[in-house]
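Peer 1: Take a look at data_38.txt, compact mmCIF, C-alpha atoms:
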# COMPACT_ATOMS: atom_id res chain seq x y z
CA MET A 8 -67.20 9.22 -27.97
CA SER A 9 -64.43 11.78 -27.58
CA LYS A 10 -63.14 12.23 -24.03
CA ILE A 11 -60.45 14.78 -23.25
CA LEU A 12 -58.80 15.58 -19.93
CA ILE A 13 -56.72 18.74 -19.85
CA LYS A 14 -54.60 18.61 -16.71
CA ASN A 15 -52.01 20.71 -14.87
CA ILE A 16 -53.49 23.90 -16.33
CA LYS A 17 -51.55 26.92 -15.08
CA GLY A 18 -54.76 28.98 -15.08
CA LEU A 19 -58.29 28.00 -16.10
CA VAL A 20 -59.85 31.32 -17.11
CA GLN A 21 -63.54 32.35 -17.09
CA ALA A 22 -64.55 29.10 -15.39
CA GLY A 23 -67.46 29.19 -12.96
CA GLU A 24 -71.18 28.64 -12.56
CA GLU A 25 -71.99 32.14 -11.25
CA ILE A 26 -70.18 34.32 -13.79
CA PRO A 27 -72.56 37.02 -15.10
CA ASN A 28 -73.55 37.14 -18.77
CA VAL A 29 -72.28 40.72 -19.02
CA LYS A 30 -69.49 42.46 -17.12
CA LYS A 31 -69.74 46.22 -16.63
CA GLY A 32 -67.44 48.94 -15.38
CA LYS A 33 -65.18 47.80 -12.54
CA GLU A 34 -66.39 44.20 -12.93
CA MET A 35 -64.38 44.04 -16.16
CA SER A 36 -61.10 44.22 -14.22
CA THR A 37 -61.67 40.81 -12.61
CA LEU A 38 -61.41 37.32 -14.07
CA ASN A 39 -62.37 33.97 -12.62
CA ILE A 40 -59.15 31.95 -12.68
CA ILE A 41 -58.58 28.51 -11.13
CA GLU A 42 -54.86 27.85 -10.70
CA ASN A 43 -53.32 24.38 -11.19
CA ALA A 44 -56.57 23.19 -12.71
CA PHE A 45 -58.11 20.44 -14.80
CA LEU A 46 -60.90 20.50 -17.39
CA ALA A 47 -62.81 17.41 -18.52
CA LEU A 48 -64.62 17.39 -21.88
CA GLU A 49 -66.79 14.77 -23.56
CA ASN A 50 -67.83 15.39 -27.16
CA GLY A 51 -67.00 19.04 -26.56
CA GLU A 52 -69.22 19.34 -23.48
CA VAL A 53 -67.75 20.49 -20.17
CA LEU A 54 -68.27 17.62 -17.72
CA ALA A 55 -66.07 18.76 -14.83
CA TYR A 56 -63.41 21.29 -13.89
CA GLY A 57 -61.59 22.47 -10.81
CA SER A 58 -58.30 22.24 -8.94
CA MET A 59 -55.95 19.34 -9.67
CA GLU A 60 -56.36 18.39 -6.03
CA GLU A 61 -60.00 17.52 -6.78
CA TRP A 62 -59.90 15.70 -10.11
CA GLU A 63 -59.01 12.11 -9.24
CA GLY A 64 -61.98 9.77 -9.03
CA ILE A 65 -64.54 12.30 -10.33
CA LEU A 66 -65.16 10.46 -13.63
CA ASP A 67 -64.36 7.23 -15.42
CA TRP A 68 -61.72 8.33 -17.88
CA ARG A 69 -60.81 5.07 -19.60
CA GLY A 70 -60.04 5.73 -23.24
CA VAL A 71 -59.42 9.40 -22.58
CA GLU A 72 -57.04 11.72 -24.43
CA VAL A 73 -54.90 13.36 -21.77
CA VAL A 74 -53.47 16.80 -22.55
CA ASP A 75 -50.78 18.07 -20.20
CA ALA A 76 -51.17 21.85 -20.02
CA ASP A 77 -48.29 22.48 -17.64
CA GLY A 78 -47.34 26.17 -17.92
CA CYS A 79 -50.33 26.91 -20.19
CA PHE A 80 -53.63 28.72 -19.78
CA VAL A 81 -57.07 27.54 -20.89
CA LEU A 82 -59.77 30.05 -21.86
CA PRO A 83 -63.09 30.00 -23.65
CA ALA A 84 -62.28 30.72 -27.29
CA PHE A 85 -62.74 34.35 -28.25
CA VAL A 86 -65.92 35.68 -29.86
CA ASP A 87 -65.62 38.09 -32.80
CA SER A 88 -68.87 40.06 -32.91
CA HIS A 89 -68.06 42.29 -35.91
CA THR A 90 -66.46 41.10 -39.16
CA HIS A 91 -66.77 41.42 -42.92
CA ALA A 92 -65.07 38.07 -43.52
CA VAL A 93 -66.81 37.35 -46.84
CA PHE A 94 -65.26 39.44 -49.60
CA ALA A 95 -63.88 38.98 -53.10
CA LYS A 96 -60.41 40.50 -53.10
CA THR A 97 -57.95 42.27 -50.84
CA ARG A 98 -57.33 46.02 -51.28
CA GLU A 99 -53.63 46.54 -50.72
CA GLU A 100 -53.54 49.16 -53.49
CA GLU A 101 -55.59 51.44 -51.22
CA PHE A 102 -53.15 50.72 -48.40
CA VAL A 103 -50.45 52.20 -50.62
CA ASP A 104 -52.72 55.19 -51.41
CA ARG A 105 -52.96 55.90 -47.69
CA ILE A 106 -49.19 55.73 -47.35
CA HIS A 107 -49.11 58.45 -50.02
CA GLY A 108 -51.41 60.59 -47.90
CA LEU A 109 -54.98 59.89 -49.05
CA SER A 110 -57.62 59.53 -46.35
CA TYR A 111 -60.21 56.73 -46.16
CA GLU A 112 -62.89 59.21 -47.27
CA GLU A 113 -60.75 60.51 -50.17
CA ILE A 114 -60.16 56.96 -51.39
CA ALA A 115 -63.91 56.31 -51.22
CA ALA A 116 -64.64 59.50 -53.16
CA LYS A 117 -62.57 58.28 -56.12
CA GLY A 118 -64.35 54.93 -56.30
CA GLY A 119 -62.30 52.99 -53.80
CA GLY A 120 -63.32 51.65 -50.43
CA ILE A 121 -66.61 49.82 -50.13
CA LEU A 122 -67.51 50.46 -53.77
CA ASN A 123 -64.24 48.85 -54.84
CA SER A 124 -65.10 45.69 -52.87
CA ALA A 125 -68.62 45.70 -54.32
CA ARG A 126 -67.27 45.91 -57.86
CA LYS A 127 -64.90 42.98 -57.28
CA LEU A 128 -67.59 40.91 -55.60
CA SER A 129 -69.97 41.36 -58.53
CA GLU A 130 -67.37 39.64 -60.74
CA MET A 131 -67.03 36.57 -58.49
CA SER A 132 -69.28 33.51 -58.45
CA GLU A 133 -71.03 32.37 -55.28
CA ASP A 134 -69.04 29.13 -55.25
CA ASP A 135 -65.71 30.93 -55.60
CA LEU A 136 -66.71 33.40 -52.88
CA PHE A 137 -67.61 30.49 -50.59
CA GLU A 138 -64.32 28.67 -51.22
CA ALA A 139 -62.31 31.81 -50.46
CA ALA A 140 -64.30 32.45 -47.29
CA LYS A 141 -63.85 28.82 -46.13
CA LYS A 142 -60.08 29.26 -46.12
CA ARG A 143 -60.39 32.46 -44.09
CA ILE A 144 -62.72 30.83 -41.56
CA GLU A 145 -60.22 28.01 -41.02
CA LYS A 146 -57.47 30.54 -40.29
CA ILE A 147 -59.78 32.52 -38.00
CA ILE A 148 -60.53 29.42 -35.94
CA GLN A 149 -56.85 28.50 -35.72
CA SER A 150 -56.13 31.97 -34.31
CA GLY A 151 -58.42 31.34 -31.32
CA THR A 152 -61.86 32.53 -32.39
CA GLY A 153 -64.78 30.26 -31.46
CA ALA A 154 -67.78 32.27 -32.70
CA LEU A 155 -68.15 34.81 -35.45
CA GLU A 156 -70.43 37.44 -36.92
CA ILE A 157 -70.20 38.08 -40.68
CA LYS A 158 -71.82 41.00 -42.48
CA SER A 159 -72.91 41.43 -46.05
CA GLY A 160 -72.52 44.93 -47.50
CA TYR A 161 -70.14 44.41 -50.42
CA GLY A 162 -72.97 43.50 -52.77
CA LEU A 163 -74.90 46.80 -52.83
CA SER A 164 -77.41 45.23 -55.22
CA VAL A 165 -80.18 42.70 -54.78
CA GLU A 166 -78.14 40.00 -56.48
CA GLY A 167 -74.90 40.90 -54.71
CA GLU A 168 -76.32 41.10 -51.19
CA LEU A 169 -78.22 37.82 -51.60
CA LYS A 170 -75.05 36.19 -52.94
CA MET A 171 -73.10 37.24 -49.85
CA LEU A 172 -75.78 36.16 -47.40
CA ARG A 173 -76.18 32.79 -49.13
CA VAL A 174 -72.44 32.27 -48.76
CA ILE A 175 -72.66 33.12 -45.05
CA LYS A 176 -75.55 30.66 -44.70
CA ARG A 177 -73.40 27.97 -46.33
CA LEU A 178 -70.55 28.84 -43.97
CA LYS A 179 -72.89 28.32 -41.01
CA GLY A 180 -73.43 24.76 -42.21
CA TYR A 181 -69.75 24.16 -42.91
CA ALA A 182 -67.90 25.73 -40.00
CA PRO A 183 -67.55 23.94 -36.63
CA ILE A 184 -68.16 27.22 -34.78
CA ALA A 185 -71.23 29.43 -34.33
CA ILE A 186 -71.70 32.04 -37.07
CA LYS A 187 -74.25 34.87 -37.08
CA ALA A 188 -75.23 36.69 -40.30
CA THR A 189 -75.85 40.42 -40.55
CA PHE A 190 -77.50 42.16 -43.50
CA LEU A 191 -75.59 45.38 -44.24
CA GLY A 192 -77.11 46.48 -47.54
CA ALA A 193 -76.95 50.03 -46.14
CA HIS A 194 -73.14 50.03 -46.16
CA ALA A 195 -72.79 52.68 -48.86
CA PHE A 196 -74.73 54.08 -51.81
CA PRO A 197 -73.73 52.28 -55.03
CA GLN A 198 -72.48 54.41 -57.91
CA ALA A 199 -75.71 53.94 -59.88
CA TYR A 200 -77.69 55.50 -57.01
CA LYS A 201 -75.39 58.39 -56.07
CA ALA A 202 -77.98 60.85 -57.38
CA ASN A 203 -80.95 58.77 -56.25
CA LYS A 204 -80.37 57.77 -52.64
CA ARG A 205 -84.08 57.36 -52.07
CA GLY A 206 -84.16 54.81 -54.85
CA TYR A 207 -81.48 52.69 -53.19
CA ILE A 208 -83.18 52.79 -49.81
CA ASP A 209 -86.41 51.66 -51.50
CA LEU A 210 -84.44 48.81 -53.10
CA ILE A 211 -83.32 47.69 -49.64
CA LEU A 212 -86.82 47.96 -48.18
CA GLN A 213 -88.89 46.61 -51.03
CA GLU A 214 -86.66 44.01 -52.70
CA MET A 215 -83.73 42.96 -50.52
CA LEU A 216 -85.45 42.58 -47.15
CA PRO A 217 -88.42 40.48 -48.32
CA LYS A 218 -86.10 38.02 -50.11
CA ILE A 219 -83.70 37.84 -47.16
CA ALA A 220 -86.61 37.09 -44.84
CA GLU A 221 -88.06 34.51 -47.25
CA GLU A 222 -84.78 32.59 -47.40
CA LYS A 223 -83.95 33.18 -43.70
CA LEU A 224 -80.55 34.56 -44.62
CA ALA A 225 -79.81 36.95 -41.74
CA ASP A 226 -79.99 37.28 -37.96
CA TYR A 227 -79.27 41.02 -37.73
CA ILE A 228 -79.52 44.21 -39.73
CA ASP A 229 -76.83 46.89 -39.82
CA VAL A 230 -76.53 50.42 -41.22
CA PHE A 231 -73.41 52.54 -41.66
CA CYS A 232 -74.69 55.71 -40.01
CA GLU A 233 -72.11 58.34 -40.87
CA ARG A 234 -71.66 61.57 -42.78
CA ASN A 235 -71.60 60.93 -46.54
CA TYR A 236 -73.26 57.56 -45.92
CA PHE A 237 -76.62 57.05 -44.14
CA SER A 238 -78.26 59.67 -41.93
CA VAL A 239 -79.85 58.94 -38.57
CA GLU A 240 -83.28 59.25 -40.15
CA GLU A 241 -82.37 56.86 -42.97
CA MET A 242 -80.88 54.43 -40.44
CA GLU A 243 -84.07 54.50 -38.41
CA GLU A 244 -86.24 53.76 -41.44
CA ILE A 245 -84.04 50.85 -42.56
CA LEU A 246 -83.70 49.35 -39.07
CA LYS A 247 -87.45 49.49 -38.47
CA ALA A 248 -88.06 47.77 -41.80
CA GLY A 249 -85.54 45.10 -40.84
CA GLN A 250 -87.23 44.60 -37.48
CA ALA A 251 -90.53 44.08 -39.27
CA HIS A 252 -88.81 41.16 -41.04
CA GLY A 253 -87.45 39.72 -37.79
CA LEU A 254 -83.93 41.18 -37.95
CA LYS A 255 -82.41 42.78 -34.85
CA PRO A 256 -80.24 45.92 -35.14
CA LYS A 257 -76.44 45.86 -34.78
CA VAL A 258 -75.07 49.09 -36.18
CA HIS A 259 -72.00 51.06 -37.29
CA VAL A 260 -72.08 54.48 -35.59
CA ASN A 261 -69.72 57.32 -34.61
CA GLN A 262 -66.71 56.26 -36.66
CA PHE A 263 -65.88 59.75 -37.89
CA SER A 264 -68.61 61.99 -36.48
CA ILE A 265 -71.35 62.24 -33.86
CA LEU A 266 -74.78 62.44 -35.49
CA GLY A 267 -77.07 61.07 -32.77
CA GLY A 268 -76.94 57.54 -34.15
CA VAL A 269 -76.10 55.97 -30.80
CA GLN A 270 -79.23 57.35 -29.12
CA LYS A 271 -81.45 56.28 -32.01
CA ALA A 272 -79.90 52.80 -32.14
CA VAL A 273 -80.45 52.37 -28.40
CA GLU A 274 -84.03 53.58 -28.75
CA LEU A 275 -84.57 50.88 -31.39
CA GLY A 276 -83.14 48.16 -29.14
CA ALA A 277 -79.82 47.61 -30.89
CA ILE A 278 -77.91 44.57 -29.63
CA SER A 279 -74.67 46.51 -30.08
CA VAL A 280 -73.32 49.82 -31.35
CA ASP A 281 -69.95 49.40 -33.02
CA HIS A 282 -66.99 51.71 -33.78
CA LEU A 283 -67.55 54.63 -31.35
CA GLU A 284 -64.25 56.30 -32.17
CA GLU A 285 -66.14 59.52 -31.44
CA MET A 286 -68.45 59.80 -28.40
CA ASP A 287 -70.11 62.45 -26.26
CA GLU A 288 -71.97 62.53 -22.94
CA ASN A 289 -75.33 62.02 -24.65
CA ASP A 290 -74.05 58.77 -26.13
CA LEU A 291 -72.84 57.55 -22.74
CA LEU A 292 -76.11 58.48 -21.05
CA ALA A 293 -78.15 56.62 -23.68
CA LEU A 294 -75.99 53.53 -23.27
CA GLN A 295 -76.24 53.66 -19.47
CA GLN A 296 -80.01 53.43 -19.80
CA SER A 297 -79.91 50.43 -22.14
CA ASN A 298 -78.78 46.82 -22.58
CA THR A 299 -76.90 47.70 -25.77
CA ILE A 300 -73.25 46.57 -25.85
CA PRO A 301 -70.72 49.24 -26.92
CA THR A 302 -68.14 47.59 -29.18
CA LEU A 303 -64.75 49.05 -30.08
CA LEU A 304 -62.70 48.08 -33.14
CA PRO A 305 -59.06 49.01 -32.47
CA GLY A 306 -57.78 47.19 -35.56
CA CYS A 307 -59.57 49.73 -37.74
CA SER A 308 -58.16 52.68 -35.80
CA HIS A 309 -54.65 51.23 -36.09
CA PHE A 310 -54.88 50.55 -39.81
CA LEU A 311 -56.51 53.85 -40.80
CA SER A 312 -54.59 56.00 -38.28
CA ILE A 313 -57.83 57.43 -36.90
CA PRO A 314 -58.61 58.00 -33.20
CA TYR A 315 -59.13 54.98 -30.99
CA GLY A 316 -62.42 54.59 -29.15
CA ASP A 317 -62.13 55.82 -25.56
CA ALA A 318 -62.32 52.51 -23.70
CA ARG A 319 -61.47 54.02 -20.31
CA ARG A 320 -64.29 56.52 -20.59
CA ILE A 321 -66.79 53.78 -21.44
CA ILE A 322 -65.65 51.49 -18.63
CA ASN A 323 -65.45 54.32 -16.09
CA ALA A 324 -69.07 55.17 -16.96
CA GLY A 325 -70.03 51.75 -15.57
CA LEU A 326 -70.77 50.30 -18.99
CA PRO A 327 -69.92 46.92 -20.51
CA LEU A 328 -67.47 46.92 -23.40
CA ALA A 329 -66.82 44.41 -26.18
CA LEU A 330 -63.93 44.28 -28.61
CA ALA A 331 -64.04 42.93 -32.17
CA SER A 332 -61.72 42.68 -35.17
CA ASP A 333 -63.75 44.48 -37.87
CA PHE A 334 -61.90 42.09 -40.19
CA ASN A 335 -62.33 43.42 -43.74
CA PRO A 336 -60.16 44.07 -46.81
CA GLY A 337 -60.23 47.86 -46.65
CA SER A 338 -59.90 49.17 -43.12
CA SER A 339 -58.91 46.23 -40.90
CA PRO A 340 -57.33 43.29 -42.72
CA ASN A 341 -56.69 41.40 -39.47
CA TYR A 342 -58.74 38.59 -37.92
CA ASP A 343 -56.40 37.71 -35.04
CA LEU A 344 -58.11 38.69 -31.80
CA MET A 345 -54.85 38.32 -29.87
CA THR A 346 -53.67 41.33 -31.89
CA ILE A 347 -56.88 43.16 -30.99
CA LEU A 348 -56.24 42.36 -27.32
CA SER A 349 -52.75 43.88 -27.59
CA LEU A 350 -54.00 47.00 -29.35
CA ALA A 351 -56.72 47.49 -26.73
CA CYS A 352 -54.15 47.33 -23.94
CA ILE A 353 -51.46 49.40 -25.65
CA LYS A 354 -53.57 52.06 -27.35
CA GLN A 355 -56.79 52.13 -25.30
CA LYS A 356 -55.26 51.53 -21.86
CA MET A 357 -57.38 48.50 -21.10
CA THR A 358 -55.94 45.96 -18.70
CA PRO A 359 -55.42 42.41 -19.98
CA GLU A 360 -58.29 41.30 -17.72
CA GLU A 361 -60.62 43.91 -19.20
CA GLY A 362 -59.55 42.92 -22.70
CA ILE A 363 -60.23 39.24 -22.10
CA ASN A 364 -63.67 40.01 -20.64
CA ALA A 365 -64.34 42.19 -23.70
CA LEU A 366 -63.41 39.35 -26.08
CA THR A 367 -65.26 36.58 -24.23
CA ILE A 368 -68.26 37.34 -21.99
CA ASN A 369 -69.16 40.74 -23.42
CA ALA A 370 -68.45 39.79 -27.02
CA ALA A 371 -70.72 36.77 -26.57
CA ALA A 372 -73.45 39.12 -25.29
CA ALA A 373 -72.95 41.28 -28.41
CA LEU A 374 -73.90 38.20 -30.47
CA GLU A 375 -76.61 36.91 -28.11
CA LEU A 376 -74.47 33.85 -27.38
CA SER A 377 -74.27 34.28 -23.62
CA GLU A 378 -75.87 30.90 -22.94
CA SER A 379 -73.25 29.01 -24.92
CA HIS A 380 -70.06 31.07 -25.28
CA GLY A 381 -67.75 33.37 -23.38
CA LYS A 382 -67.21 31.28 -20.26
CA ILE A 383 -66.48 27.73 -19.13
CA ALA A 384 -69.32 26.11 -17.19
CA LEU A 385 -70.85 22.67 -16.77
CA GLY A 386 -72.83 21.46 -19.78
CA ARG A 387 -71.51 24.07 -22.18
CA ARG A 388 -70.03 23.21 -25.58
CA SER A 389 -68.23 26.48 -26.21
CA PRO A 390 -64.93 26.07 -28.06
CA ILE A 391 -61.93 26.03 -25.72
CA LEU A 392 -58.57 27.71 -26.32
CA LEU A 393 -55.29 26.26 -25.01
CA THR A 394 -52.34 28.64 -25.03
CA LYS A 395 -48.73 27.75 -25.49
CA GLU A 396 -46.55 27.83 -22.38
CA ILE A 397 -46.51 31.45 -21.21
CA PRO A 398 -45.32 33.14 -17.99
CA SER A 399 -48.60 34.95 -17.24
CA LEU A 400 -51.99 35.82 -18.71
CA ALA A 401 -50.83 39.39 -19.36
CA TYR A 402 -48.19 37.94 -21.69
CA LEU A 403 -50.95 37.36 -24.28
CA ALA A 404 -51.29 41.12 -24.74
CA TYR A 405 -47.66 41.98 -24.03
CA ALA A 406 -45.97 39.75 -26.61
CA PHE A 407 -47.93 41.06 -29.57
CA GLY A 408 -45.74 39.45 -32.21
CA GLU A 409 -46.03 35.88 -30.96
CA GLN A 410 -48.53 33.17 -31.87
CA HIS A 411 -50.02 32.17 -28.52
CA VAL A 412 -52.62 29.54 -29.49
CA GLN A 413 -51.50 25.93 -29.12
CA ARG A 414 -54.83 24.22 -29.79
CA ILE A 415 -58.57 24.83 -30.15
CA PHE A 416 -61.00 22.23 -28.79
CA LEU A 417 -64.24 22.30 -30.81
Could you write out this structure as structure tokens?
Peer 2:
Amino acid sequence: MSKILIKNIKGLVQAGEEIPNVKKGKEMSTLNIIENAFLALENGEVLAYGSMEEWEGILDWRGVEVVDADGCFVLPAFVDSHTHAVFAKTREEEFVDRIHGLSYEEIAAKGGGILNSARKLSEMSEDDLFEAAKKRIEKIIQSGTGALEIKSGYGLSVEGELKMLRVIKRLKGYAPIAIKATFLGAHAFPQAYKANKRGYIDLILQEMLPKIAEEKLADYIDVFCERNYFSVEEMEEILKAGQAHGLKPKVHVNQFSILGGVQKAVELGAISVDHLEEMDENDLLALQQSNTIPTLLPGCSHFLSIPYGDARRIINAGLPLALASDFNPGSSPNYDLMTILSLACIKQKMTPEEGINALTINAAAALELSESHGKIALGRRSPILLTKEIPSLAYLAYAFGEQHVQRIFL
């Protein structure tokens, strides 16, 4: 039996029994914080919490590990609802290409980008891919992330996509945090199908999806709906086929252009719509009439020097907002959600409170983990994050070059 008492906590964040599962609009500017607090855990389960004035005599704590959190904050560990954390190799050569002036789309046109990752992945065994991903997952957890979504999409073949999803399934069994798997076969058209896009879509529908369903390899289905990639009509066909196999939509839309993908994704019941660097009033209206979670990926905007999603516009429209890393080797080689929090505050004018809500409660909703993650409440086993000694909660976003995580309780 593992008993832990964290005492003298400067601020216990997102702790309460009445915190909603989603925070929208103005609600995002407020956080539940108990000052000078304690938190009692047994085998990872929250047994009690509250003010230090209340803790004595609540429980029998013989044999307990006592952690003195004087000057430190305790939060639910962050949730990363959009990553591509399984990949073969990094792509720093394309980073240099961009320094020399090539755009993301120009790099893709010459065989770089997603196709580059697919080529490298095809040359790597499943075991080697798993071992590389294991090391990344360990670093991700150490950075403060307590739940994770991982997409396929660097296979772009039946064999390659199944290989990725099998690795993600193995990671689910290995990692001490919750992991959700997303099938993203519709990430790009492989070189062999550039002149036969219909053939590749049929491959997804007729060969990939039945095998994924048979082996229970995915929770969600994603499509990169964008010019030069998959049209709204193609996205709709693929998402509906995925739904027929029990996969729920979580989709890439509006990264470079507005095609109507947000409205169609909402119509199909998407759990989240991710990227949204470009948005119009029709997109906002569709989201206002839905339960879909808009998710912004500021790490990608920073790395590619493209516009940032308009967080203030989304929040001012009374909508919820989640943030995620988009961790991947081509457009966002960063998994540290503290960095994402800083970028959201600096570049998207979110307050630290809004950013923390976006990385906890709303990010958990974007992965359907609201009943277990995103807040601290009695009976929950969500991973807990203990910061180092810091002067205020806003310091997490302000001091963007520091490592703020002291410990993760799993």
Peer 1: In Å, with one decimal, what is the gap from atom CA of Gly249 of chain A to atom CA of Val230 of chain A?
Peer 2: 10.5 Å
Peer 1: For Pro398 of chain A, which of A:Gly78, A:Pro301, A:Pro27, A:Gly253 is the closest residue, counting only C-alpha atoms?
Peer 2: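 Counting only C-alpha atoms, the residue closest to Pro398 of chain A is A:Gly78.
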Peer 1: Do a neighbour search on Gly276 of chain A at 12 Å with only C-alpha atoms, toss out local chain neighbours closer than 6 positions, and write the hits as a list in words.
Peer 2: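 Skipping anything fewer than 6 positions along the chain leaves Tyr227, Ile228, Glu243, Leu246, Lys247, Gln250, Leu254, Lys255, Pro256, Lys257, Val258, Val269, Gln270, Ala293, Leu294, Gln296, Ser297, Asn298, Thr299 and Ile300 of chain A.
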Peer 1: Taking 2 positions as the minimum chain separation for residues in the same chain, which residues sit within 10 Å of Tyr161 of chain A when counting all atoms listed in the file? Answer as a PyMOL selection string.
Peer 2: chain A and resi 91+93-95+120-129+158-159+163-164+167-168+170-171+191-195+197
Peer 1: Please report the interatomic distance between atom CA of Arg177 of chain A and atom CA of Thr367 of chain A in Å with one decimal.
Peer 2: 25.1 Å
Peer 1: Pick from A:Arg234, A:Lys179, A:His380, A:His107: nearest to Ile26 of chain A, with all atoms listed in the file counted?
Peer 2: A:His380
Peer 1: Starting from the sparse input, extend segment 375-397 of chain A to N, CA and C atoms and give the output as a compact mmCIF listing (two decimals), in the frame of the given file.
Peer 2:
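Dumped to rebuild_39.txt:
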# COMPACT_ATOMS: atom_id res chain seq x y z
N GLU A 375 -75.54 37.68 -28.74
CA GLU A 375 -76.61 36.91 -28.11
C GLU A 375 -76.22 35.43 -27.96
N LEU A 376 -74.98 35.20 -27.58
CA LEU A 376 -74.47 33.85 -27.38
C LEU A 376 -74.08 33.60 -25.93
N SER A 377 -74.66 34.38 -25.02
CA SER A 377 -74.27 34.28 -23.62
C SER A 377 -74.54 32.92 -23.01
N GLU A 378 -75.53 32.20 -23.52
CA GLU A 378 -75.87 30.90 -22.94
C GLU A 378 -74.96 29.78 -23.43
N SER A 379 -74.10 30.07 -24.38
CA SER A 379 -73.25 29.01 -24.92
C SER A 379 -71.78 29.37 -25.01
N HIS A 380 -71.44 30.64 -25.05
CA HIS A 380 -70.06 31.07 -25.28
C HIS A 380 -69.61 32.07 -24.22
N GLY A 381 -68.30 32.30 -24.21
CA GLY A 381 -67.75 33.37 -23.38
C GLY A 381 -67.26 32.94 -22.02
N LYS A 382 -67.67 31.78 -21.55
CA LYS A 382 -67.21 31.28 -20.26
C LYS A 382 -67.25 29.76 -20.26
N ILE A 383 -66.56 29.18 -19.28
CA ILE A 383 -66.48 27.73 -19.13
C ILE A 383 -67.36 27.32 -17.96
N ALA A 384 -68.40 26.54 -18.24
CA ALA A 384 -69.32 26.11 -17.19
C ALA A 384 -69.86 24.73 -17.56
N LEU A 385 -70.37 24.03 -16.57
CA LEU A 385 -70.85 22.67 -16.77
C LEU A 385 -71.94 22.61 -17.84
N GLY A 386 -71.82 21.66 -18.75
CA GLY A 386 -72.83 21.46 -19.78
C GLY A 386 -72.63 22.29 -21.02
N ARG A 387 -71.72 23.23 -21.00
CA ARG A 387 -71.51 24.07 -22.18
C ARG A 387 -70.65 23.36 -23.21
N ARG A 388 -70.83 23.76 -24.48
CA ARG A 388 -70.03 23.21 -25.58
C ARG A 388 -69.25 24.31 -26.29
N SER A 389 -68.99 25.40 -25.60
CA SER A 389 -68.23 26.48 -26.21
C SER A 389 -66.83 26.01 -26.57
N PRO A 390 -66.31 26.41 -27.73
CA PRO A 390 -64.93 26.07 -28.06
C PRO A 390 -63.96 26.55 -26.96
N ILE A 391 -62.91 25.77 -26.78
CA ILE A 391 -61.93 26.03 -25.72
C ILE A 391 -60.57 26.31 -26.36
N LEU A 392 -59.86 27.28 -25.80
CA LEU A 392 -58.57 27.71 -26.32
C LEU A 392 -57.48 27.30 -25.33
N LEU A 393 -56.46 26.61 -25.81
CA LEU A 393 -55.29 26.26 -25.01
C LEU A 393 -54.11 27.07 -25.52
N THR A 394 -53.50 27.84 -24.62
CA THR A 394 -52.34 28.64 -25.03
C THR A 394 -51.08 27.78 -25.06
N LYS A 395 -50.06 28.32 -25.66
CA LYS A 395 -48.73 27.75 -25.49
C LYS A 395 -48.24 28.07 -24.07
N GLU A 396 -47.11 27.53 -23.70
CA GLU A 396 -46.55 27.83 -22.38
C GLU A 396 -46.18 29.30 -22.31
N ILE A 397 -46.76 30.02 -21.36
CA ILE A 397 -46.51 31.45 -21.21
C ILE A 397 -46.33 31.77 -19.72
